[in-house]
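Enquirer: Sharing a structure below in structure tokens format, with a few things to ask.
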Amino acid sequence: MLFCKNGRKDDLVVEGRVIDPAQGIDECLKVTIEAGTIVRIEPAGSSSTVLAPAFVDPHVHLRTPGREDEETIATGTAAAAAGGFCAILAMPNTDPVVDSAAVLGSLVELAQQEAVVPVGFLGAISKGLAGAELTEMAELADAGAAGFSDDGMPVRSAGLMRRALQYASFAGRLLALHEEEPSLSGDGQMHEGAVSAELGFAGYPSVAESTMVGRDLAIAAYEGQPLHLLHLSARESVELLSRAQAEGLGATAEVTPHHLVLTDEAVRSLDANVKMNPPLRAEADRGALIAALRSGNISCVASDHAPHARHEKEAPFEEAPFGVTGLETAFPALYTHLVVPGLLPLEVLLERMSAGPARAYGLPEPRIEVGALANLVVLDLDGSWQVREDGFRSRSPNSWLLGETLHGRVVMTIANGSVVYG
Ligand SMILES: [Zn+2]
Ligand SMILES: [Zn+2]
């Protein structure tokens, strides 16, 4: 389900404080890698460098095919390597849409030629993302689809949603849902609340997300099928998810760094780089998202890396497209804004950026253990750096963090036994 170019397998020794939350490890160790495989782990002297299982991003837009001016598989996976990721999943809302084995097959070939880190591709739920006719999910799964999503668009029809759950289960893949009731989000530009009223922008209320979350959790419970909720933003959605999980539903969910760090107050800047779908919401929503990430009800951090051309994001706020980049800043942003102020323990963040998303999609969990292929990130938590456009490997500059100084630096990334960054 994951594809990349056949990189050389490296020999190296890395040393530091190993934090592997899934295995309960937190101690200073020396890790010896030969031909890409971890062959020895021994005690080492104390160190401030952190070694952790490399990150897995379950939600990336690589813009290929169709908008290679915004991102390619080569630049997107290079950005992933710089962000500490050893695997990413790409969404199918490209041009053409990844809704046939033919389109998927050409992406797999391209990934085998140019992907620096392993990438998986989700296939569309409906043909052309039009919400009318299901794709051939079994065929897409055979061709390597890692899951199914109409991301960018909701699945409007409840009946189609029900059949999608049935077919996804036959295909043995997860459905990942962009939850938005379009008759409620309308032409909303930002979260509907006091700030939108003050700024005079059309509002996109929380209930546009939570009503669809409620509908889909109910259908999934009725069908007895798991599902994955993309980029949750609203407190009400988190409450519905937690209740469904308590009742035994196998639902997983993700949250983005921007929804964990910012609120709709940020929109006062009128910077188009804080315009995203779903929109930044209120402080109570942010608090609920952080609490759910800590408790594990939300088990994945996802960047929702959405590159856009400069001229498109330089438009006035109301005309600019939704979406921001995030692969290269995900860990430092969350380390700076959640771990340093004491809102989230470091080991929880590391788990939700690696084992959590891998588990949700049934991908191999990166582990620091003898015999495992090395998938490791080396972090300098004392290092700080300024986010600058010219520092990005991504082809698009639309980061919400431009100019900000962040703590925590990715020093090296090892993916699939190859040093891909550092
Ligand atoms: Zn989406
Ligand atoms: Zn997305």
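Identifiers in the structure tokens: chain A, B, ... in order shown; residue index from 1 per chain; ligand index from 1 in order shown.
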Hey, which bits of chain A sit within 10 Å of ligand 2, and for each residue what's the closest pair of atoms and how far apart in Å (one decimal), counting only C-alpha atoms and all ligand atoms, rows by chain and increasing number, as JSON lines?
Expert:
{"residue": "A:Pro58", "atom": "CA", "partner": "ligand 2", "partner_atom_place_in_ligand_line": "1 (Zn)", "distance": 9.9}
{"residue": "A:His59", "atom": "CA", "partner": "ligand 2", "partner_atom_place_in_ligand_line": "1 (Zn)", "distance": 6.3}
{"residue": "A:Val60", "atom": "CA", "partner": "ligand 2", "partner_atom_place_in_ligand_line": "1 (Zn)", "distance": 6.6}
{"residue": "A:His61", "atom": "CA", "partner": "ligand 2", "partner_atom_place_in_ligand_line": "1 (Zn)", "distance": 6.4}
{"residue": "A:Ala90", "atom": "CA", "partner": "ligand 2", "partner_atom_place_in_ligand_line": "1 (Zn)", "distance": 8.9}
{"residue": "A:Met91", "atom": "CA", "partner": "ligand 2", "partner_atom_place_in_ligand_line": "1 (Zn)", "distance": 6.8}
{"residue": "A:Pro92", "atom": "CA", "partner": "ligand 2", "partner_atom_place_in_ligand_line": "1 (Zn)", "distance": 9.4}
{"residue": "A:Asn93", "atom": "CA", "partner": "ligand 2", "partner_atom_place_in_ligand_line": "1 (Zn)", "distance": 8.5}
{"residue": "A:Ser149", "atom": "CA", "partner": "ligand 2", "partner_atom_place_in_ligand_line": "1 (Zn)", "distance": 9.7}
{"residue": "A:Asp150", "atom": "CA", "partner": "ligand 2", "partner_atom_place_in_ligand_line": "1 (Zn)", "distance": 9.3}
{"residue": "A:Asp151", "atom": "CA", "partner": "ligand 2", "partner_atom_place_in_ligand_line": "1 (Zn)", "distance": 5.6}
{"residue": "A:Gly152", "atom": "CA", "partner": "ligand 2", "partner_atom_place_in_ligand_line": "1 (Zn)", "distance": 5.9}
{"residue": "A:Met153", "atom": "CA", "partner": "ligand 2", "partner_atom_place_in_ligand_line": "1 (Zn)", "distance": 9.3}
{"residue": "A:Leu177", "atom": "CA", "partner": "ligand 2", "partner_atom_place_in_ligand_line": "1 (Zn)", "distance": 9.8}
{"residue": "A:His178", "atom": "CA", "partner": "ligand 2", "partner_atom_place_in_ligand_line": "1 (Zn)", "distance": 7.8}
{"residue": "A:Leu230", "atom": "CA", "partner": "ligand 2", "partner_atom_place_in_ligand_line": "1 (Zn)", "distance": 7.7}
{"residue": "A:His231", "atom": "CA", "partner": "ligand 2", "partner_atom_place_in_ligand_line": "1 (Zn)", "distance": 7.7}
{"residue": "A:Met276", "atom": "CA", "partner": "ligand 2", "partner_atom_place_in_ligand_line": "1 (Zn)", "distance": 9.4}
{"residue": "A:Asn277", "atom": "CA", "partner": "ligand 2", "partner_atom_place_in_ligand_line": "1 (Zn)", "distance": 8.1}
{"residue": "A:Pro278", "atom": "CA", "partner": "ligand 2", "partner_atom_place_in_ligand_line": "1 (Zn)", "distance": 9.3}
{"residue": "A:Ala302", "atom": "CA", "partner": "ligand 2", "partner_atom_place_in_ligand_line": "1 (Zn)", "distance": 9.3}
{"residue": "A:Ser303", "atom": "CA", "partner": "ligand 2", "partner_atom_place_in_ligand_line": "1 (Zn)", "distance": 8.6}
{"residue": "A:Asp304", "atom": "CA", "partner": "ligand 2", "partner_atom_place_in_ligand_line": "1 (Zn)", "distance": 4.8}
{"residue": "A:His305", "atom": "CA", "partner": "ligand 2", "partner_atom_place_in_ligand_line": "1 (Zn)", "distance": 7.1}
{"residue": "A:Ala306", "atom": "CA", "partner": "ligand 2", "partner_atom_place_in_ligand_line": "1 (Zn)", "distance": 6.6}
{"residue": "A:Phe322", "atom": "CA", "partner": "ligand 2", "partner_atom_place_in_ligand_line": "1 (Zn)", "distance": 9.6}
{"residue": "A:Gly323", "atom": "CA", "partner": "ligand 2", "partner_atom_place_in_ligand_line": "1 (Zn)", "distance": 7.8}
{"residue": "A:Val324", "atom": "CA", "partner": "ligand 2", "partner_atom_place_in_ligand_line": "1 (Zn)", "distance": 9.6}
Enquirer: Neighbours of range 48-56 of chain A within 7 Å (only C-alpha atoms; same-chain residues fewer than 4 positions away dropped), as a PyMOL selection string?
Expert: chain A and resi 16-20+84-88+353-354+357-358+366-368+375-380+413
Enquirer: Would you put the residues from that selection into a file with C-alpha atoms, as an mmCIF file, in the first residue's frame?
Expert:
data_model
loop_
_atom_site.group_PDB
_atom_site.id
_atom_site.type_symbol
_atom_site.label_atom_id
_atom_site.label_comp_id
_atom_site.auth_asym_id
_atom_site.auth_seq_id
_atom_site.Cartn_x
_atom_site.Cartn_y
_atom_site.Cartn_z
ATOM 1 C CA GLY A 16 20.242 9.764 22.105
ATOM 2 C CA ARG A 17 17.199 9.633 24.345
ATOM 3 C CA VAL A 18 15.018 7.007 22.667
ATOM 4 C CA ILE A 19 11.304 7.652 23.162
ATOM 5 C CA ASP A 20 9.151 4.892 21.664
ATOM 6 C CA GLY A 84 10.347 13.754 10.095
ATOM 7 C CA PHE A 85 7.857 11.531 8.250
ATOM 8 C CA CYS A 86 8.587 7.990 7.082
ATOM 9 C CA ALA A 87 5.171 7.504 5.446
ATOM 10 C CA ILE A 88 2.380 9.714 4.141
ATOM 11 C CA MET A 353 2.161 11.367 15.038
ATOM 12 C CA SER A 354 3.426 7.838 14.393
ATOM 13 C CA PRO A 357 -2.116 7.047 12.310
ATOM 14 C CA ALA A 358 -0.322 3.828 11.242
ATOM 15 C CA PRO A 366 7.378 2.416 13.038
ATOM 16 C CA ARG A 367 9.243 0.824 15.973
ATOM 17 C CA ILE A 368 12.701 1.180 17.418
ATOM 18 C CA ASN A 375 12.078 4.363 10.474
ATOM 19 C CA LEU A 376 13.481 6.947 12.826
ATOM 20 C CA VAL A 377 13.415 10.654 13.446
ATOM 21 C CA VAL A 378 16.195 12.504 15.277
ATOM 22 C CA LEU A 379 14.963 15.633 17.068
ATOM 23 C CA ASP A 380 16.815 18.528 18.648
ATOM 24 C CA THR A 413 14.843 11.339 9.141
#
Enquirer: Which neighbours of Ala333 in chain A fall inside 8 Å, counting only C-alpha atoms, when residues of the same chain fewer than 2 positions from it are skipped, and could you give them as JSON, numbers by chain?
Expert: {"A": [257, 261, 329, 330, 331, 335, 336, 337, 406, 407]}
Enquirer: Provide the CA of Thr37 in chain A to CA of Asp11 in chain A distance in Å, to one decimal place.
Expert: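 One can read the CA of Thr37 in chain A to CA of Asp11 in chain A distance as 8.4 Å.
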Enquirer: I'd like the contact shell of Pro345 in chain A - 9 Å cut-off, only C-alpha atoms, skipping same-chain residues fewer than 6 positions apart - returned as a tab-separated table (two decimals) with N, CA, C and O atoms, in the first residue's frame.
Expert:
chain	number	residue	atom	x	y	z
A	294	ARG	N	-5.13	14.04	23.76
A	294	ARG	CA	-4.44	13.53	24.96
A	294	ARG	C	-5.06	12.20	25.39
A	294	ARG	O	-4.36	11.24	25.67
A	338	LEU	N	2.04	23.12	22.19
A	338	LEU	CA	1.33	22.22	23.11
A	338	LEU	C	2.26	21.59	24.16
A	338	LEU	O	1.90	21.52	25.33
A	339	VAL	N	3.42	21.11	23.73
A	339	VAL	CA	4.30	20.40	24.67
A	339	VAL	C	5.00	21.38	25.60
A	339	VAL	O	4.95	21.22	26.82
Enquirer: Name the closest residue to ligand 1 among the candidates A:Thr32, A:Ile125, A:Leu229, A:Val98; distances are taken between atoms, counting only C-alpha atoms and all ligand atoms.
Expert: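 Using only C-alpha atoms and all ligand atoms, the shortest distance to ligand 1 belongs to A:Leu229.
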Enquirer: Run DSSP on the backbone and grab whatever in range 166-354 of chain A lands in strand (DSSP E or B); send it over as a list in words.
Expert: Leu175, Ala176, Leu177, Met190, His191, Gly203, Tyr204, Leu227, His228, Leu229, Ala251, Thr252, Ala253, Glu254, Val255, Cys300, Val301, His305 and Val324 of chain A
Enquirer: For the residues in that selection, give me all heavy atoms as a compact mmCIF listing (two decimals), in the first residue's frame.
Expert:
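What follows is the written file again-v8.txt:
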# COMPACT_ATOMS: atom_id res chain seq x y z
N LEU A 175 -12.72 3.91 5.19
CA LEU A 175 -13.30 5.12 4.60
C LEU A 175 -12.86 6.31 5.45
O LEU A 175 -12.99 6.27 6.67
CB LEU A 175 -14.82 5.08 4.64
CG LEU A 175 -15.62 4.29 3.62
CD1 LEU A 175 -17.07 4.72 3.71
CD2 LEU A 175 -15.09 4.46 2.22
N ALA A 176 -12.40 7.37 4.81
CA ALA A 176 -11.96 8.58 5.52
C ALA A 176 -12.85 9.74 5.06
O ALA A 176 -12.91 10.04 3.87
CB ALA A 176 -10.50 8.87 5.20
N LEU A 177 -13.51 10.35 6.02
CA LEU A 177 -14.62 11.25 5.66
C LEU A 177 -14.36 12.72 6.00
O LEU A 177 -13.98 13.05 7.12
CB LEU A 177 -15.89 10.78 6.36
CG LEU A 177 -16.24 9.33 5.99
CD1 LEU A 177 -17.31 8.79 6.91
CD2 LEU A 177 -16.67 9.24 4.53
N MET A 190 -15.36 31.49 7.23
CA MET A 190 -14.68 31.24 8.50
C MET A 190 -15.72 30.74 9.50
O MET A 190 -16.92 30.72 9.20
CB MET A 190 -14.01 32.52 9.02
CG MET A 190 -15.00 33.62 9.37
SD MET A 190 -14.22 35.07 10.15
CE MET A 190 -13.68 34.40 11.73
N HIS A 191 -15.25 30.33 10.68
CA HIS A 191 -16.15 29.85 11.74
C HIS A 191 -17.24 30.88 12.04
O HIS A 191 -16.96 32.07 12.16
CB HIS A 191 -15.32 29.60 13.00
CG HIS A 191 -16.13 29.24 14.20
ND1 HIS A 191 -16.96 28.13 14.23
CD2 HIS A 191 -16.25 29.83 15.41
CE1 HIS A 191 -17.55 28.06 15.43
NE2 HIS A 191 -17.14 29.09 16.16
N GLY A 203 -20.48 32.98 7.70
CA GLY A 203 -20.07 31.98 8.68
C GLY A 203 -20.27 30.55 8.23
O GLY A 203 -21.18 30.24 7.45
N TYR A 204 -19.38 29.67 8.71
CA TYR A 204 -19.40 28.23 8.44
C TYR A 204 -19.50 27.61 9.85
O TYR A 204 -18.49 27.48 10.54
CB TYR A 204 -18.11 27.88 7.72
CG TYR A 204 -17.79 26.44 7.39
CD1 TYR A 204 -16.94 26.15 6.32
CD2 TYR A 204 -18.26 25.35 8.13
CE1 TYR A 204 -16.58 24.84 6.00
CE2 TYR A 204 -17.92 24.04 7.80
CZ TYR A 204 -17.07 23.80 6.76
OH TYR A 204 -16.71 22.51 6.45
N LEU A 227 -14.88 3.60 10.64
CA LEU A 227 -14.62 4.70 9.71
C LEU A 227 -13.62 5.64 10.34
O LEU A 227 -13.30 5.53 11.53
CB LEU A 227 -15.91 5.43 9.31
CG LEU A 227 -16.92 5.88 10.36
CD1 LEU A 227 -16.33 6.93 11.27
CD2 LEU A 227 -18.15 6.45 9.69
N HIS A 228 -13.10 6.55 9.51
CA HIS A 228 -12.10 7.50 9.98
C HIS A 228 -12.60 8.91 9.68
O HIS A 228 -13.00 9.20 8.55
CB HIS A 228 -10.77 7.24 9.26
CG HIS A 228 -9.67 8.18 9.68
ND1 HIS A 228 -9.04 8.09 10.90
CD2 HIS A 228 -9.10 9.23 9.03
CE1 HIS A 228 -8.12 9.05 10.99
NE2 HIS A 228 -8.14 9.75 9.87
N LEU A 229 -12.57 9.77 10.68
CA LEU A 229 -13.05 11.15 10.52
C LEU A 229 -11.84 12.06 10.27
O LEU A 229 -10.92 12.11 11.09
CB LEU A 229 -13.80 11.59 11.77
CG LEU A 229 -15.00 10.71 12.15
CD1 LEU A 229 -15.57 11.14 13.50
CD2 LEU A 229 -16.08 10.78 11.06
N ALA A 251 -14.35 3.69 15.44
CA ALA A 251 -14.13 4.93 14.70
C ALA A 251 -12.81 5.55 15.15
O ALA A 251 -12.49 5.56 16.33
CB ALA A 251 -15.26 5.91 14.95
N THR A 252 -12.04 6.05 14.16
CA THR A 252 -10.83 6.80 14.48
C THR A 252 -10.97 8.21 13.93
O THR A 252 -11.86 8.47 13.11
CB THR A 252 -9.58 6.13 13.87
OG1 THR A 252 -9.81 5.96 12.46
CG2 THR A 252 -9.30 4.79 14.50
N ALA A 253 -10.10 9.10 14.39
CA ALA A 253 -10.19 10.49 13.93
C ALA A 253 -8.82 11.15 13.99
O ALA A 253 -7.92 10.68 14.68
CB ALA A 253 -11.18 11.27 14.79
N GLU A 254 -8.71 12.23 13.25
CA GLU A 254 -7.47 13.00 13.21
C GLU A 254 -7.76 14.47 13.47
O GLU A 254 -8.91 14.93 13.35
CB GLU A 254 -6.81 12.84 11.82
CG GLU A 254 -7.73 13.34 10.71
CD GLU A 254 -7.17 13.18 9.30
OE1 GLU A 254 -6.65 12.10 8.98
OE2 GLU A 254 -7.28 14.16 8.53
N VAL A 255 -6.70 15.19 13.84
CA VAL A 255 -6.80 16.63 14.06
C VAL A 255 -5.52 17.25 13.51
O VAL A 255 -4.47 16.63 13.51
CB VAL A 255 -7.01 16.94 15.57
CG1 VAL A 255 -5.84 16.43 16.42
CG2 VAL A 255 -7.23 18.43 15.81
N CYS A 300 -4.83 10.45 15.95
CA CYS A 300 -3.90 10.84 14.88
C CYS A 300 -3.76 12.35 14.75
O CYS A 300 -4.77 13.07 14.75
CB CYS A 300 -4.41 10.38 13.51
SG CYS A 300 -5.05 8.72 13.42
N VAL A 301 -2.53 12.79 14.57
CA VAL A 301 -2.28 14.15 14.07
C VAL A 301 -2.14 14.02 12.55
O VAL A 301 -1.48 13.11 12.06
CB VAL A 301 -1.00 14.74 14.67
CG1 VAL A 301 -0.59 16.01 13.94
CG2 VAL A 301 -1.18 15.02 16.16
N HIS A 305 -1.77 18.85 4.74
CA HIS A 305 -0.87 19.65 3.90
C HIS A 305 -1.56 19.94 2.55
O HIS A 305 -1.80 19.04 1.77
CB HIS A 305 0.41 18.83 3.68
CG HIS A 305 1.45 19.47 2.82
ND1 HIS A 305 2.33 20.40 3.29
CD2 HIS A 305 1.76 19.28 1.51
CE1 HIS A 305 3.16 20.77 2.32
NE2 HIS A 305 2.82 20.11 1.22
N VAL A 324 -3.76 25.06 3.87
CA VAL A 324 -2.42 25.51 4.25
C VAL A 324 -1.46 24.34 4.18
O VAL A 324 -1.87 23.19 4.29
CB VAL A 324 -2.39 26.09 5.68
CG1 VAL A 324 -3.10 27.42 5.73
CG2 VAL A 324 -2.97 25.13 6.70
Enquirer: Any idea what the distance is between CA of Leu174 in chain A and CA of Ala292 in chain A?
Expert: 21.1 Å
Enquirer: Under the rule that only C-alpha atoms and all ligand atoms are counted, which of A:Pro65, A:Pro279, A:Asn273, A:Gly120 is the nearest residue to ligand 1?
Expert: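 When distances to ligand 1 are compared using only C-alpha atoms and all ligand atoms, the smallest one comes from A:Pro279.
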Enquirer: Which is closer to ligand 1 than all the others in A:Leu232, A:Ile33, A:Ala145, A:Leu110, using only C-alpha atoms and all ligand atoms?
Expert: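 Of A:Leu232, A:Ile33, A:Ala145, A:Leu110, the one nearest ligand 1 is A:Leu232, counting only C-alpha atoms and all ligand atoms.
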Enquirer: Just the number, please: distance in Å from CA of Gly296 in chain A to CA of Arg352 in chain A, one decimal.
Expert: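 Taking CA of Gly296 in chain A as the start and CA of Arg352 in chain A as the end point, the length is 8.1 Å.
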